[in-house]
Amino acid sequence: MAHKFSITVPATSANIGPGFDVVGLSLSLYLTLTVSYPLVPPQGAYVPPAITYSGEGADIVPLDAYKNLTTRVALYVLRCNGVAQFPSHLTIHCNNEIPFGRGLGSSGAAVIAGALLGNALGDLNLPTERLLDFALMVERHPDNVTAALVGGFVGSYLKELDEEASQAASVPLSEVLPEYPPDAGENWGLHPPKPPHGIGHYIRFGWSESIKAVAIIPRFELSTAKAREVLPTHYSRKDLIFNLQRLAVLTTALGQTPPDPDLIYEAMKDRVHQPYRRELIPGLPEVTSKITPSTHPGLLGICLSGAGPTILALATEGFERIAEDARSIFKTFGIEIDWKVLEVAGGSTVEKQ
Ligand SMILES: Nc1ncnc2c1ncn2[C@@H]1O[C@H](COP(=O)(O)OP(=O)(O)OP(=O)(O)O)[C@@H](O)[C@H]1O
Ligand SMILES: N[C@@H](CCO)C(=O)O
């Protein structure tokens with residue numbers, strides 16, 4: 001007899017134009033974990049987790065539980081809650097549909113899967129808000145992880161913390177998720193820094209059912225860290241107001257039926273991150289400016305997905321033409337793409353089997 005359960009976490013697209021580090025949208029590509037361990041551990045020595053992987057990233061993802069992002073987050077959650085180790089004889093199969101480093105929230109999904117895994121293995125019954133605290137200690141911008149956890153079109157902010165809590169929340173990632181040395185004994189890293197309570201707060205906006213997301217996915221990776229390095233630390237008042245005005249309109253406009261393409265196209269423009277990222281994504285300004293609601297009926301708006309390089313086109317119809325025309329534009333820059341039409345997904349689930 002064994003404990004068996006599965007964890008399913010959706011992909012996410014962050015920012016949606018002007019909502020840099022603020023809004024996220026869950027999408028119908030999934031990271032799924034199938035987990036099993038014996039109800040009564042067999043006698044004998046402790047057997048560490050066995051991880052297998054299929055799908056995106058299977059050839060590069062670490063299968064050592066002390067190196068893999070998902071299991072390291074799970075161990076962090078367990079250890080912060082007084083559980084020192086994974087159960088003996090744990091097996092985890094991960095099937096991943098979310099491409100790595102493309103702006104579709106692969107790392108956010110891995111982190112949320114880890115928080116849910118730790119919660120389930122330790123039988124901790126942590127509420128959503130606490131799971132989010134753990135995720136935010138690892139991925140420090142809330143847009144992807146919040147949307148991956150709760151699902152839908154979601155806005156979030158990080159609470160201003162008092163001095164003590166702010167210090168606790170800003171310990172380096174290397175201390176939250178230490179690189180376990182090869183000779184780490186059982187007592188190594190047993191007491192990681194705990195997250196303060198209530199770091200992230202969120203709200204789900206309305207979403208018009210007629211809107212689908214066309215993900216136009218260039219065949220190259222761009223790490224979020226690299227795409228954040230090119231951003232300035234200061235912005236002009238003009239650019240800030242440009243984004244705030246659009247974001248305020250966008251959060252309601254995408255919930256209206258029928259959606260208004262003229263309102264949405266302009267509301268998905270951005271001056272805070274996309275202009276600076278164009279040097280990393282050849283063809284980005286051309287794709288976002290040449291594909292418009294007047295040239296492509298059905299299109300509502302078009303933006304960089306997360307930190308890129310994926311382009312997200314929101315549309316009610318005409319998906320293939322939008323994607324194939326984006327393909328032609330990218331081709332002139334020597335970039336090949338794949339594309340998928342995605343639905344807005346529900347949040348993460350944990351199901352006993
Ligand atoms: N399922 C997974 N299991 C383990 N590690 C993963 C998994 N998914 C992603 N990662 C790690 O996260 C890295 C990608 O994270 P990164 O933040 O750069 O991109 P992203 O999350 O795909 O994009 P964005 O944050 O812009 O949406 C991968 O290279 C890998 O190290
Ligand atoms: N808001 C983040 C999302 C990437 O994970 C960024 O654009 O850098």
# chains A, B, ... in the order shown; residues from 1 in each chain; ligands from 1

call {"tool": "closest_atom_pairs", "arguments": {"of": "chain A", "to": "ligand 2", "cutoff": "6 Å", "atoms": "only C-alpha atoms and all ligand atoms", "output": "JSON lines"}}
result
{"residue": "A:Ala14", "atom": "CA", "partner": "ligand 2", "partner_atom_place_in_ligand_line": "3 (C)", "distance": 5.1}
{"residue": "A:Asn15", "atom": "CA", "partner": "ligand 2", "partner_atom_place_in_ligand_line": "1 (N)", "distance": 5.6}
{"residue": "A:Phe20", "atom": "CA", "partner": "ligand 2", "partner_atom_place_in_ligand_line": "1 (N)", "distance": 4.9}
{"residue": "A:Asp21", "atom": "CA", "partner": "ligand 2", "partner_atom_place_in_ligand_line": "1 (N)", "distance": 3.7}
{"residue": "A:Thr224", "atom": "CA", "partner": "ligand 2", "partner_atom_place_in_ligand_line": "4 (C)", "distance": 5.5}
{"residue": "A:Arg228", "atom": "CA", "partner": "ligand 2", "partner_atom_place_in_ligand_line": "8 (O)", "distance": 5.4}
{"residue": "A:Gly306", "atom": "CA", "partner": "ligand 2", "partner_atom_place_in_ligand_line": "3 (C)", "distance": 4.2}
{"residue": "A:Ala307", "atom": "CA", "partner": "ligand 2", "partner_atom_place_in_ligand_line": "7 (O)", "distance": 4.0}

call {"tool": "write_last_selection", "arguments": {"atoms": "N, CA and C atoms", "output": "PDB file, in the first residue's frame"}}
result
ATOM      1  N   ALA A  14       3.394  36.402 -17.557  1.00  0.00           N
ATOM      2  CA  ALA A  14       3.399  37.562 -16.655  1.00  0.00           C
ATOM      3  C   ALA A  14       3.427  38.856 -17.462  1.00  0.00           C
ATOM      4  N   ASN A  15       3.037  39.910 -16.807  1.00  0.00           N
ATOM      5  CA  ASN A  15       3.106  41.309 -17.289  1.00  0.00           C
ATOM      6  C   ASN A  15       1.933  41.721 -18.186  1.00  0.00           C
ATOM      7  N   PHE A  20       4.133  44.992 -15.421  1.00  0.00           N
ATOM      8  CA  PHE A  20       5.429  44.387 -15.083  1.00  0.00           C
ATOM      9  C   PHE A  20       5.496  44.026 -13.599  1.00  0.00           C
ATOM     10  N   ASP A  21       5.744  42.753 -13.323  1.00  0.00           N
ATOM     11  CA  ASP A  21       5.838  42.216 -11.950  1.00  0.00           C
ATOM     12  C   ASP A  21       4.535  42.328 -11.166  1.00  0.00           C
ATOM     13  N   THR A 224      15.258  34.568 -17.293  1.00  0.00           N
ATOM     14  CA  THR A 224      14.633  35.736 -16.677  1.00  0.00           C
ATOM     15  C   THR A 224      15.703  36.637 -16.075  1.00  0.00           C
ATOM     16  N   ARG A 228      16.221  40.581 -16.943  1.00  0.00           N
ATOM     17  CA  ARG A 228      16.020  41.615 -15.916  1.00  0.00           C
ATOM     18  C   ARG A 228      17.255  42.505 -15.801  1.00  0.00           C
ATOM     19  N   GLY A 306       5.888  37.439 -20.157  1.00  0.00           N
ATOM     20  CA  GLY A 306       6.885  37.421 -19.087  1.00  0.00           C
ATOM     21  C   GLY A 306       8.149  38.125 -19.533  1.00  0.00           C
ATOM     22  N   ALA A 307       9.279  37.481 -19.248  1.00  0.00           N
ATOM     23  CA  ALA A 307      10.563  38.073 -19.626  1.00  0.00           C
ATOM     24  C   ALA A 307      10.947  37.718 -21.060  1.00  0.00           C
TER      25      ALA A 307
END

call {"tool": "select_by_dssp", "arguments": {"residues": "region 117-283 of chain A", "states": "alpha helix (DSSP H)", "output": "count of residues only"}}
result
70

call {"tool": "closest_atom_pairs", "arguments": {"of": "chain A", "to": "ligand 1", "cutoff": "6 Å", "atoms": "only C-alpha atoms and all ligand atoms", "output": "CSV"}}
result
residue,atom,partner,partner_atom_place_in_ligand_line,distance
A:Val61,CA,ligand 1,4 (C),5.6
A:Asn68,CA,ligand 1,4 (C),5.3
A:Leu69,CA,ligand 1,4 (C),4.6
A:Thr70,CA,ligand 1,4 (C),5.6
A:Phe100,CA,ligand 1,22 (O),4.2
A:Gly101,CA,ligand 1,19 (O),3.4
A:Arg102,CA,ligand 1,22 (O),4.8
A:Gly103,CA,ligand 1,26 (O),3.2
A:Leu104,CA,ligand 1,27 (O),4.0
A:Gly105,CA,ligand 1,27 (O),3.2
A:Ser106,CA,ligand 1,22 (O),3.9
A:Ser107,CA,ligand 1,21 (O),3.7
A:Gly108,CA,ligand 1,21 (O),5.6
A:Ala110,CA,ligand 1,1 (N),4.7
A:Ser223,CA,ligand 1,18 (O),3.4
A:Thr224,CA,ligand 1,18 (O),4.0
A:Gly306,CA,ligand 1,26 (O),4.2
A:Ala307,CA,ligand 1,26 (O),3.8
A:Gly308,CA,ligand 1,26 (O),5.6

call {"tool": "write_last_selection", "arguments": {"atoms": "N, CA and C atoms", "output": "JSON list (two decimals), in the first residue's frame"}}
result
[["chain", "number", "residue", "atom", "x", "y", "z"],
["A", 61, "VAL", "N", 17.18, 18.65, -16.98],
["A", 61, "VAL", "CA", 16.78, 18.93, -15.59],
["A", 61, "VAL", "C", 17.49, 17.97, -14.63],
["A", 68, "ASN", "N", 17.33, 19.45, -7.88],
["A", 68, "ASN", "CA", 16.15, 19.79, -8.68],
["A", 68, "ASN", "C", 15.35, 20.91, -7.99],
["A", 69, "LEU", "N", 14.95, 21.91, -8.78],
["A", 69, "LEU", "CA", 14.27, 23.09, -8.20],
["A", 69, "LEU", "C", 13.00, 22.69, -7.43],
["A", 70, "THR", "N", 12.18, 21.84, -8.03],
["A", 70, "THR", "CA", 10.90, 21.47, -7.38],
["A", 70, "THR", "C", 11.13, 20.76, -6.04],
["A", 100, "PHE", "N", 11.31, 25.65, -21.01],
["A", 100, "PHE", "CA", 12.18, 26.40, -20.09],
["A", 100, "PHE", "C", 12.61, 27.73, -20.71],
["A", 101, "GLY", "N", 12.67, 28.76, -19.88],
["A", 101, "GLY", "CA", 13.29, 30.02, -20.27],
["A", 101, "GLY", "C", 12.68, 30.67, -21.49],
["A", 102, "ARG", "N", 11.35, 30.56, -21.63],
["A", 102, "ARG", "CA", 10.68, 31.16, -22.80],
["A", 102, "ARG", "C", 9.68, 32.24, -22.40],
["A", 103, "GLY", "N", 9.53, 32.51, -21.10],
["A", 103, "GLY", "CA", 8.54, 33.50, -20.69],
["A", 103, "GLY", "C", 7.17, 32.90, -20.45],
["A", 104, "LEU", "N", 7.13, 31.58, -20.19],
["A", 104, "LEU", "CA", 5.84, 30.93, -19.92],
["A", 104, "LEU", "C", 5.80, 30.37, -18.49],
["A", 105, "GLY", "N", 6.63, 30.94, -17.63],
["A", 105, "GLY", "CA", 6.54, 30.63, -16.21],
["A", 105, "GLY", "C", 6.98, 29.24, -15.81],
["A", 106, "SER", "N", 8.00, 28.68, -16.51],
["A", 106, "SER", "CA", 8.42, 27.32, -16.14],
["A", 106, "SER", "C", 8.98, 27.28, -14.73],
["A", 107, "SER", "N", 9.77, 28.30, -14.36],
["A", 107, "SER", "CA", 10.37, 28.26, -13.02],
["A", 107, "SER", "C", 9.29, 28.50, -11.95],
["A", 108, "GLY", "N", 8.35, 29.40, -12.25],
["A", 108, "GLY", "CA", 7.25, 29.64, -11.30],
["A", 108, "GLY", "C", 6.46, 28.37, -11.08],
["A", 110, "ALA", "N", 7.56, 25.28, -11.43],
["A", 110, "ALA", "CA", 8.39, 24.34, -10.66],
["A", 110, "ALA", "C", 8.38, 24.70, -9.18],
["A", 223, "SER", "N", 17.00, 33.57, -20.23],
["A", 223, "SER", "CA", 16.74, 33.42, -18.80],
["A", 223, "SER", "C", 16.14, 34.73, -18.26],
["A", 224, "THR", "N", 15.26, 34.57, -17.29],
["A", 224, "THR", "CA", 14.63, 35.74, -16.68],
["A", 224, "THR", "C", 15.70, 36.64, -16.07],
["A", 306, "GLY", "N", 5.89, 37.44, -20.16],
["A", 306, "GLY", "CA", 6.89, 37.42, -19.09],
["A", 306, "GLY", "C", 8.15, 38.12, -19.53],
["A", 307, "ALA", "N", 9.28, 37.48, -19.25],
["A", 307, "ALA", "CA", 10.56, 38.07, -19.63],
["A", 307, "ALA", "C", 10.95, 37.72, -21.06],
["A", 308, "GLY", "N", 10.04, 37.03, -21.80],
["A", 308, "GLY", "CA", 10.30, 36.66, -23.18],
["A", 308, "GLY", "C", 11.13, 35.39, -23.26]]

call {"tool": "residues_around", "arguments": {"residues": "region 31-43 of chain A", "least_positions_apart": "4", "cutoff": "9 Å", "atoms": "only C-alpha atoms", "output": "number ranges by chain"}}
result
A: 1-11, 87-98, 106, 109-110, 113, 117

call {"tool": "write_last_selection", "arguments": {"atoms": "C-alpha atoms", "output": "mmCIF file, in the first residue's frame"}}
result
data_model
loop_
_atom_site.group_PDB
_atom_site.id
_atom_site.type_symbol
_atom_site.label_atom_id
_atom_site.label_comp_id
_atom_site.auth_asym_id
_atom_site.auth_seq_id
_atom_site.Cartn_x
_atom_site.Cartn_y
_atom_site.Cartn_z
ATOM 1 C CA MET A 1 0.000 0.000 0.000
ATOM 2 C CA ALA A 2 1.236 3.455 -0.903
ATOM 3 C CA HIS A 3 0.385 7.127 -0.643
ATOM 4 C CA LYS A 4 -0.267 8.277 -4.210
ATOM 5 C CA PHE A 5 -1.182 11.716 -5.458
ATOM 6 C CA SER A 6 -0.652 14.019 -8.412
ATOM 7 C CA ILE A 7 0.088 17.750 -8.557
ATOM 8 C CA THR A 8 -0.803 19.800 -11.626
ATOM 9 C CA VAL A 9 0.473 23.361 -12.113
ATOM 10 C CA PRO A 10 -0.305 25.573 -15.135
ATOM 11 C CA ALA A 11 2.044 27.689 -17.226
ATOM 12 C CA PRO A 87 9.826 10.093 3.106
ATOM 13 C CA SER A 88 11.944 7.038 2.343
ATOM 14 C CA HIS A 89 11.319 5.320 -1.030
ATOM 15 C CA LEU A 90 9.625 8.427 -2.504
ATOM 16 C CA THR A 91 9.153 8.299 -6.294
ATOM 17 C CA ILE A 92 8.226 11.351 -8.363
ATOM 18 C CA HIS A 93 7.520 11.370 -12.086
ATOM 19 C CA CYS A 94 7.367 14.856 -13.637
ATOM 20 C CA ASN A 95 5.771 15.407 -17.009
ATOM 21 C CA ASN A 96 6.440 18.932 -18.204
ATOM 22 C CA GLU A 97 4.694 20.757 -21.074
ATOM 23 C CA ILE A 98 6.133 24.193 -20.184
ATOM 24 C CA SER A 106 8.423 27.320 -16.144
ATOM 25 C CA ALA A 109 5.448 26.351 -12.023
ATOM 26 C CA ALA A 110 8.386 24.337 -10.664
ATOM 27 C CA ALA A 113 4.837 22.376 -7.608
ATOM 28 C CA LEU A 117 4.727 18.798 -2.840
#

call {"tool": "atom_distance", "arguments": {"atom1": "CA of Leu132 (chain A)", "atom2": "CA of Phe205 (chain A)"}}
result
18.3 Å

call {"tool": "atom_distance", "arguments": {"atom1": "CA of Gly255 (chain A)", "atom2": "CA of Gly19 (chain A)"}}
result
15.8 Å

call {"tool": "residues_around", "arguments": {"residues": "Leu63 (chain A)", "least_positions_apart": "3", "cutoff": "8 Å", "atoms": "only C-alpha atoms", "output": "number ranges by chain"}}
result
A: 50-53, 67-68

call {"tool": "write_last_selection", "arguments": {"atoms": "N, CA and C atoms", "output": "JSON list (two decimals), in the first residue's frame"}}
result
[["chain", "number", "residue", "atom", "x", "y", "z"],
["A", 50, "ALA", "N", 13.52, 9.06, -5.83],
["A", 50, "ALA", "CA", 13.89, 8.73, -7.22],
["A", 50, "ALA", "C", 13.00, 9.58, -8.12],
["A", 51, "ILE", "N", 13.65, 10.43, -8.93],
["A", 51, "ILE", "CA", 12.89, 11.34, -9.81],
["A", 51, "ILE", "C", 13.06, 10.89, -11.26],
["A", 52, "THR", "N", 11.94, 10.85, -11.99],
["A", 52, "THR", "CA", 12.02, 10.64, -13.43],
["A", 52, "THR", "C", 11.32, 11.81, -14.11],
["A", 53, "TYR", "N", 11.65, 12.06, -15.36],
["A", 53, "TYR", "CA", 11.17, 13.25, -16.05],
["A", 53, "TYR", "C", 10.79, 12.93, -17.48],
["A", 67, "LYS", "N", 19.15, 18.81, -5.94],
["A", 67, "LYS", "CA", 19.56, 19.78, -6.96],
["A", 67, "LYS", "C", 18.36, 20.27, -7.78],
["A", 68, "ASN", "N", 17.33, 19.45, -7.88],
["A", 68, "ASN", "CA", 16.15, 19.79, -8.68],
["A", 68, "ASN", "C", 15.35, 20.91, -7.99]]

call {"tool": "closest_atom_pairs", "arguments": {"of": "region 4-57 of chain A", "to": "region 323-344 of chain A", "cutoff": "7 Å", "atoms": "only C-alpha atoms", "output": "tab-separated table"}}
result
residue	atom	partner	partner_atom	distance
A:Leu25	CA	A:Val344	CA	7.0
A:Ser26	CA	A:Val344	CA	5.6
A:Leu27	CA	A:Val344	CA	4.7
A:Ser28	CA	A:Glu343	CA	5.4

call {"tool": "select_by_dssp", "arguments": {"residues": "region 45-246 of chain A", "states": "strand (DSSP E)", "output": "PyMOL selection string"}}
result
chain A and resi 50-55+91-96+153-158+200-205+212-218

call {"tool": "closest_residue", "arguments": {"among": "A:Ser289, A:Thr252, A:Thr310, A:Ser348", "to": "Ile216 (chain A)", "atoms": "only C-alpha atoms"}}
result
A:Thr310

call {"tool": "atom_distance", "arguments": {"atom1": "CA of Glu317 (chain A)", "atom2": "CA of Glu209 (chain A)"}}
result
12.3 Å

call {"tool": "closest_residue", "arguments": {"among": "A:Val230, A:Leu284, A:Met268, A:Ile16", "to": "Ser305 (chain A)", "atoms": "only C-alpha atoms"}}
result
A:Ile16

call {"tool": "closest_residue", "arguments": {"among": "A:Tyr265, A:Phe86, A:Tyr46, A:Tyr157", "to": "Val23 (chain A)", "atoms": "only C-alpha atoms"}}
result
A:Tyr157

call {"tool": "closest_residue", "arguments": {"among": "A:Leu126, A:Val22, A:Ala248, A:Leu280", "to": "Gly155 (chain A)", "atoms": "only C-alpha atoms"}}
result
A:Val22

call {"tool": "residues_around", "arguments": {"residues": "Asn119 (chain A)", "least_positions_apart": "2", "cutoff": "10 Å", "atoms": "only C-alpha atoms", "output": "list in words"}}
result
Ala74, Leu75, Val77, Leu78, Asn81, Ala113, Gly114, Ala115, Leu116, Leu117, Leu121, Gly122, Asp123, Leu124, Asn125, Leu126, Pro127 and Leu131 of chain A

call {"tool": "write_last_selection", "arguments": {"atoms": "N, CA and C atoms", "output": "compact mmCIF listing (two decimals), in the first residue's frame"}}
result
# COMPACT_ATOMS: atom_id res chain seq x y z
N ALA A 74 10.36 21.83 -2.13
CA ALA A 74 9.58 20.95 -1.23
C ALA A 74 10.33 20.72 0.08
N LEU A 75 11.65 20.50 -0.02
CA LEU A 75 12.44 20.25 1.19
C LEU A 75 12.50 21.51 2.06
N VAL A 77 10.09 23.76 2.30
CA VAL A 77 8.79 23.84 3.00
C VAL A 77 8.75 22.82 4.14
N LEU A 78 9.21 21.61 3.87
CA LEU A 78 9.20 20.57 4.92
C LEU A 78 10.04 21.00 6.12
N ASN A 81 8.87 23.50 8.45
CA ASN A 81 7.75 23.02 9.25
C ASN A 81 8.12 21.79 10.09
N ALA A 113 4.93 23.84 -7.75
CA ALA A 113 4.84 22.38 -7.61
C ALA A 113 5.60 21.94 -6.36
N GLY A 114 6.75 22.56 -6.12
CA GLY A 114 7.56 22.21 -4.95
C GLY A 114 6.86 22.58 -3.64
N ALA A 115 6.24 23.75 -3.60
CA ALA A 115 5.53 24.17 -2.38
C ALA A 115 4.37 23.20 -2.10
N LEU A 116 3.65 22.82 -3.15
CA LEU A 116 2.52 21.89 -2.97
C LEU A 116 3.02 20.50 -2.60
N LEU A 117 4.16 20.11 -3.16
CA LEU A 117 4.73 18.80 -2.84
C LEU A 117 5.14 18.74 -1.36
N LEU A 121 3.55 16.17 1.27
CA LEU A 121 4.40 15.13 1.91
C LEU A 121 4.42 15.27 3.42
N GLY A 122 4.40 16.54 3.87
CA GLY A 122 4.46 16.76 5.32
C GLY A 122 3.08 16.77 5.95
N ASP A 123 2.02 16.60 5.13
CA ASP A 123 0.64 16.67 5.62
C ASP A 123 0.43 17.97 6.41
N LEU A 124 0.89 19.07 5.84
CA LEU A 124 0.98 20.33 6.59
C LEU A 124 -0.30 21.17 6.54
N ASN A 125 -1.14 20.93 5.54
CA ASN A 125 -2.39 21.70 5.39
C ASN A 125 -2.18 23.21 5.39
N LEU A 126 -1.15 23.66 4.72
CA LEU A 126 -0.88 25.11 4.69
C LEU A 126 -1.93 25.80 3.83
N PRO A 127 -2.42 26.96 4.28
CA PRO A 127 -3.37 27.69 3.44
C PRO A 127 -2.67 28.32 2.23
N LEU A 131 1.40 29.12 1.37
CA LEU A 131 2.12 28.51 0.25
C LEU A 131 2.77 29.59 -0.60

call {"tool": "closest_residue", "arguments": {"among": "A:Asp262, A:Glu221, A:Asp59, A:Glu163", "to": "Val249 (chain A)", "atoms": "only C-alpha atoms"}}
result
A:Asp262

call {"tool": "decode", "arguments": {"residues": "region 229-271 of chain A", "atoms": "C-alpha atoms", "output": "mmCIF file, in the first residue's frame"}}
result
data_model
loop_
_atom_site.group_PDB
_atom_site.id
_atom_site.type_symbol
_atom_site.label_atom_id
_atom_site.label_comp_id
_atom_site.auth_asym_id
_atom_site.auth_seq_id
_atom_site.Cartn_x
_atom_site.Cartn_y
_atom_site.Cartn_z
ATOM 1 C CA GLU A 229 19.634 42.741 -16.078
ATOM 2 C CA VAL A 230 18.907 44.996 -19.070
ATOM 3 C CA LEU A 231 16.195 46.945 -17.226
ATOM 4 C CA PRO A 232 16.913 50.394 -15.784
ATOM 5 C CA THR A 233 16.630 51.062 -12.064
ATOM 6 C CA HIS A 234 14.858 54.400 -12.551
ATOM 7 C CA TYR A 235 11.978 55.441 -14.796
ATOM 8 C CA SER A 236 10.603 58.776 -15.913
ATOM 9 C CA ARG A 237 7.282 59.956 -14.518
ATOM 10 C CA LYS A 238 5.965 59.998 -18.107
ATOM 11 C CA ASP A 239 6.714 56.304 -18.688
ATOM 12 C CA LEU A 240 5.354 55.295 -15.299
ATOM 13 C CA ILE A 241 2.094 57.115 -15.928
ATOM 14 C CA PHE A 242 1.915 55.606 -19.432
ATOM 15 C CA ASN A 243 1.942 52.104 -17.885
ATOM 16 C CA LEU A 244 -0.293 52.836 -14.905
ATOM 17 C CA GLN A 245 -3.000 54.329 -17.129
ATOM 18 C CA ARG A 246 -2.989 51.302 -19.393
ATOM 19 C CA LEU A 247 -2.874 48.726 -16.599
ATOM 20 C CA ALA A 248 -5.858 50.314 -14.863
ATOM 21 C CA VAL A 249 -7.900 49.999 -18.060
ATOM 22 C CA LEU A 250 -6.596 46.533 -19.018
ATOM 23 C CA THR A 251 -7.574 44.749 -15.796
ATOM 24 C CA THR A 252 -11.253 45.484 -16.477
ATOM 25 C CA ALA A 253 -11.184 45.528 -20.290
ATOM 26 C CA LEU A 254 -10.170 41.841 -20.534
ATOM 27 C CA GLY A 255 -13.228 40.858 -18.478
ATOM 28 C CA GLN A 256 -15.752 42.569 -20.735
ATOM 29 C CA THR A 257 -17.883 40.685 -23.247
ATOM 30 C CA PRO A 258 -17.489 41.340 -26.095
ATOM 31 C CA PRO A 259 -13.923 42.575 -25.581
ATOM 32 C CA ASP A 260 -13.057 45.908 -27.228
ATOM 33 C CA PRO A 261 -9.986 45.513 -29.508
ATOM 34 C CA ASP A 262 -9.256 49.236 -29.777
ATOM 35 C CA LEU A 263 -9.230 49.690 -26.009
ATOM 36 C CA ILE A 264 -7.217 46.525 -25.333
ATOM 37 C CA TYR A 265 -4.592 46.926 -28.070
ATOM 38 C CA GLU A 266 -3.528 50.306 -26.699
ATOM 39 C CA ALA A 267 -3.871 49.124 -23.064
ATOM 40 C CA MET A 268 -1.376 46.288 -23.704
ATOM 41 C CA LYS A 269 1.428 48.673 -24.642
ATOM 42 C CA ASP A 270 4.347 49.063 -22.267
ATOM 43 C CA ARG A 271 7.262 51.381 -21.623
#
